[in-house]
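What follows is a short report on a single structure.
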Amino acid sequence: MATRIWIHVGTPKTGTSAFQNALFTRRESLPAAGFAYPGERFDAHFLAALELMALPWGGLEREAVGAWERLVDEAVAAHHEVIISHEIFGRASRLQVERALRDLGGERTEVHIVVTARDLARQIPAEWQESVKHRRTLSYDSFLEALTDPTRSREIAQWFWSVQEIPDILDRWGSSLPPDRVHVVTLPAAGAPPSLLSDRLAGLLGLDRALLAPTGERANPSLGVAESETIRRLNELVRLSLPNERYRQFVREGLVHQNLGVQRESARLTVPPDVHAWAGEVSSGWVAQLRERGYHVVGDLDDLLPTPATTPFVDPAAADPDQIAHAALKALAGSVGESARLRDVEIELHEIIDDLMRQLDEAHSTRIYKTKERLVALAGSNSLARAALSGYRRIRGKNSRST
Amino acid sequence: MSGYDDAVASWYAELRAGRPITWSAHLAGGGRAPGTPVRVGAAHLEVVRRLAEHLGNSADFPELADRVVSTAPFGRGRVDIPLPLPGGPVPGPPAMDPEQIPAGELLRIAVPVLAEMLESGPVGRVRPVAPTRRPRRWGAPRVVVHGNPGIAVPLRAALRRAGVRESGRSAIHVVLVAPVDRAVFGLWTARVRRGAAVRWRRIWERLAQAPVLPPAIDPGRVLDELEGRVRPDRIHLVIADSPVVAAGHVAAYLDNNDIWGVDLPTWPQIDLARRLNWVHAARLDRHERAINVAALLDLLDPGHAPGLGMPAPPPRLRDWALATGHRIGGVLAERAAAGGYAVHGDLEEVGRVVSGVSARPVDGPAATLDTAIEAIGRAWGRP
């Protein structure tokens with residue numbers, strides 16, 4: 001029987017981080033359950049996706065060289081069912097999908113495509129927050145305008161639709177596969193038990209639910225309105241001064257994940273009523289198309305229709321100034337704490353350097369070393385000493401570390 | 001295959017044969033000749049069409065066309081733009097007439113095609129060779145060049161070609177001075193030639209943020225280093241916005257007609273080179289990228305772009321550019337008078353922004369796309 005390779009291609013903001021984290025954390029236990037999650041590092045699938053799709057990503061693309069081939073080699077050599085998962089795979093063009101299916105397909109393997117999907121009215125604010133966490137400065141209003149523009153001329157809209165337009169993603173990834181190998185797993189409406197998605201995924205894969213239970217690590221928290229707007233404004237201020245790798249470390253990880261995102265203190269971001277209505281129309285069209293194509297659905301396609309809003313819309317641009325100030329102070333407190341911690345690390349490193357310098361000085365204070373130094377100095381003024389030193393160096397060779 | 005797929009395959013068959021017919025003309029002509037299906041969108045096919053327009057008669061054009069439609073686009077942008085045809089794919093990105101696709105989208109395909117040609121084709125194997133030098137003349141004056149690397153590096157090459165040595169205690173010191181926008185262009189050129197992928201706008205933003213301007217932009221910093229070390233009568237301020245002008249001044253002063261400079265690349269050539277560096281950034285180190293840029297610029301005629309003009313500062317930084325140029329020009333005039341340095345050219349030029357403050361910063365990527373199509377054509381045609 002052919003080995004099944006499950007490629008989970010998105011969509012972003014559908015619990016993908018929790019799914020990937022559960023698989024990576026428990027990758028040692030997976031073979032016993034008949035599965036493999038390839039990759040030595042947590043972001044191996046992300047790097048493979050970057051390489052497959054020739055996507056620059058703030059310098060990370062350099063680490064991605066060879067990542068796709070490594071993932072493929074490991075996947076096709078596995079003796080178990082293989083899970084490959086990253087939400088940006090959804091953006092692959094037909095040419096890139098063709099390559100992926102060619103590389104992973106074969107007589108021994110049977111490729112399945114999985115998409116986890118959530119209703120558009122929840123995806124839109126989540127994607128804006130994600131863009132803010134990736135140092136974008138676009139206001140929510142402009143973001144919504146770009147998304148609803150039918151020409152999709154702005155880059156942010158092109159990205160959003162390339163990873164969120166479920167029928168198009170499935171057309172690119174699934175058009176050469178039988179519909180029963182294309183799986184749509186829907187996220188339940190707000191208020192459903194949080195474990196329902198992992199239960200649905202576990203059911204689809206035939207995996208013990210416990211193996212997909214959330215681990216709590218590397219969560220991708222959602223921010224409130226005030227916190228999101230605070231980070232967006234911060235992005236404007238650090239746009240030119242903070243390199244990408246430092247932004248990732250201090251803003252995304254330090255401020256968002258470890259600080260502001262730990263507990264949401266302001267209103268949840270939603271969409272305004274007109275966008276909600278528009279999202280409903282778009283989603284209805286999608287649901288109709290998905291039904292027509294006959295894909296395997298886990299859950300209910302009606303889950304993709306936005307439910308009526310339960311909380312009033314708060315525009316981030318008009319967020320309560322006190323809440324913005326509170327979020328900014330909280331961020332400042334976190335940054336000061338981190339600065340103090342790094343200062344301690346710096347002091348510790350200086351102590352190590354001082355100790356090494358002391359050891360070096362001791363080594364240089366020996367009689368032999370001082371004699372050598374005097375002879376080298378003499379060679380600067382004395383031709384005989386210069387010739388002798390030159391001869392010595394010739395005999396010694398070029399690679400010696402000594403004088 | 002669907003009717004849509006048939007129509008696309010049929011158009012591609014025309015293009016592949018080297019006939020640069022547009023999509024709309026193809027449809028209007030009722031073209032339905034059978035063709036091989038292609039799994040790409042309108043942008044790929046439009047690149048093929050533009051190449052067919054450029055070198056459609058080439059016997060091996062089908063091979064080039066196949067190469068284009070099998071090259072994945074680089075970076076972010078639209079995914080597989082559908083062609084406008086009733087019954088075309090829905091949903092997905094909105095369909096676009098291929099002729100209306102923004103040049104930036106087409107460059108996402110053209111640049112990787114070019115990158116692959118430079119890297120693995122015969123062009124990439126051509127390595128820059130050192131220029132032939134004239135024998136050094138005994139007793140001839142020596143020249144040390146300082147300042148903007150975009151102009152200094154080709155000027156040094158011109159001097160070497162003419163047998164002028166760049167060293168020695170008795171050398172004259174040429175300090176290159178250019179209007180601020182030309183100086184920034186020279187700096188951008190030099191960085192891209194060395195393998196950087198920095199954008200024109202970004203280089204301005206960095207300069208405007210920098211606490212101190214680099215000597216490439218502010219020649220006063222070169223004078224800081226020379227004054228007290230070099231006799232004032234050996235310091236020459238050469239006002240030049242290109243290696244040709246700089247070499248002309250030096251040739252006139254030394255009375256040496258063997259000194260001639262090669263023009264700077266045009267901004268679309270540099271913009272194309274920086275995009276090439278971006279595509280190569282993940283896999284090639286800076287040195288290898290520089291070699292590929294040299295190979296690319298070797299394919300193209302430097303400075304050959306009538307009516308192209310110079311790129312102007314980004315609109316947001318025009319006031320900064322004007323103020324900076326004015327300040328640098330004023331300070332240099334004072335220092336030249338106080339130090340008694342020889343001045344070649346008009347120092348008042350330095351305080352101006354030559355490209356004009358109303359000009360657009362870089363005229364969109366359309367000119368870069370034309371350059372890319374020309375470069376692919378030349379690389380493909382080169383034995």
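Identifiers in the structure tokens: chain A, B, ... in order shown; residue index from 1 per chain; ligand index from 1 in order shown.
Those residues of chain B that fall within 7 Å of chain A when using only C-alpha atoms read Arg39, Val40, Ala72, Phe74, Gly75, Arg76, Gly77, Arg78, Val79, Asp80, Pro91, Gly92, Pro94, Ala282 and Arg283 of chain B.
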Which residues, written as a PyMOL selection string, have at least one atom at most 7 Å from Arg234 of chain B, with only C-alpha atoms counted and residues fewer than 3 positions away on the same chain left out?
chain B and resi 172-173+230-231
Limited to N, CA and C atoms, could you put the picked residues into a file as a PDB file, in the first residue's frame?
ATOM      1  N   ILE B 172      49.007  63.760  -7.024  1.00  0.00           N
ATOM      2  CA  ILE B 172      47.938  64.729  -6.787  1.00  0.00           C
ATOM      3  C   ILE B 172      46.717  63.953  -6.295  1.00  0.00           C
ATOM      4  N   HIS B 173      45.939  64.591  -5.446  1.00  0.00           N
ATOM      5  CA  HIS B 173      44.779  63.924  -4.847  1.00  0.00           C
ATOM      6  C   HIS B 173      43.505  64.501  -5.446  1.00  0.00           C
ATOM      7  N   VAL B 230      48.392  66.209   3.276  1.00  0.00           N
ATOM      8  CA  VAL B 230      48.725  66.419   1.863  1.00  0.00           C
ATOM      9  C   VAL B 230      48.845  67.924   1.621  1.00  0.00           C
ATOM     10  N   ARG B 231      49.841  68.303   0.824  1.00  0.00           N
ATOM     11  CA  ARG B 231      50.017  69.737   0.545  1.00  0.00           C
ATOM     12  C   ARG B 231      48.789  70.281  -0.182  1.00  0.00           C
TER      13      ARG B 231
END
For segment 42-47 of chain A, please output as a list of chain:residue names all residues within 7 Å (counting only C-alpha atoms; exclusion window: fewer than 4 positions along the same chain).
A:Phe24, A:Glu51, A:Ala64, A:Ala67, A:Ile84, A:Ser85, A:His86
Which residues come within 12 Å of Leu159 of chain B, counting only C-alpha atoms, excluding same-chain residues fewer than 4 positions away, as a VMD selection string?
chain B and resid 131 to 136 140 to 145 152 to 155 163 to 167 174 243 to 244 246 to 248 250 to 251 254 256 to 262
Any idea what's packed within 6 Å of segment 41-55 of chain B, counting only C-alpha atoms, ignoring anything in its chain fewer than 2 positions away? Could you give it as a list of chain:residue names?
B:Leu15, B:Gly18, B:Pro20, B:Asn57, B:Ser58, B:Ala65, B:Val69, B:Asp80, B:Ile81, B:Pro82, B:Leu83, B:Pro98, B:Leu106
Which of these residues is nearest to Arg378 of chain B, using only C-alpha atoms: B:Ala208, B:Ile328, B:Leu114, B:Leu317?
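Comparing B:Ala208, B:Ile328, B:Leu114, B:Leu317 against Arg378 of chain B, the winner is B:Leu114.
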Residue set, segment 266-329 of chain A restricted to alpha helix (DSSP H), as a ChimeraX atom specification:
/A:273-293,321-329
Contact residues around Pro102 of chain B with only C-alpha atoms at 9 Å, ignoring same-chain residues under 5 positions, as JSON, numbers by chain
{"B": [107, 365, 366]}
With C-alpha atoms retained, write the just-selected residues as an mmCIF file, in the first residue's frame.
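Saved the output as out_36.cif:
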data_model
loop_
_atom_site.group_PDB
_atom_site.id
_atom_site.type_symbol
_atom_site.label_atom_id
_atom_site.label_comp_id
_atom_site.auth_asym_id
_atom_site.auth_seq_id
_atom_site.Cartn_x
_atom_site.Cartn_y
_atom_site.Cartn_z
ATOM 1 C CA LEU B 107 9.860 41.421 -13.654
ATOM 2 C CA PRO B 365 9.691 49.514 -13.287
ATOM 3 C CA ALA B 366 8.590 49.784 -16.941
#
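The two atoms in question, atom CA of Gly325 of chain B and atom CA of Arg194 of chain B, are spaced 25.8 Å apart.
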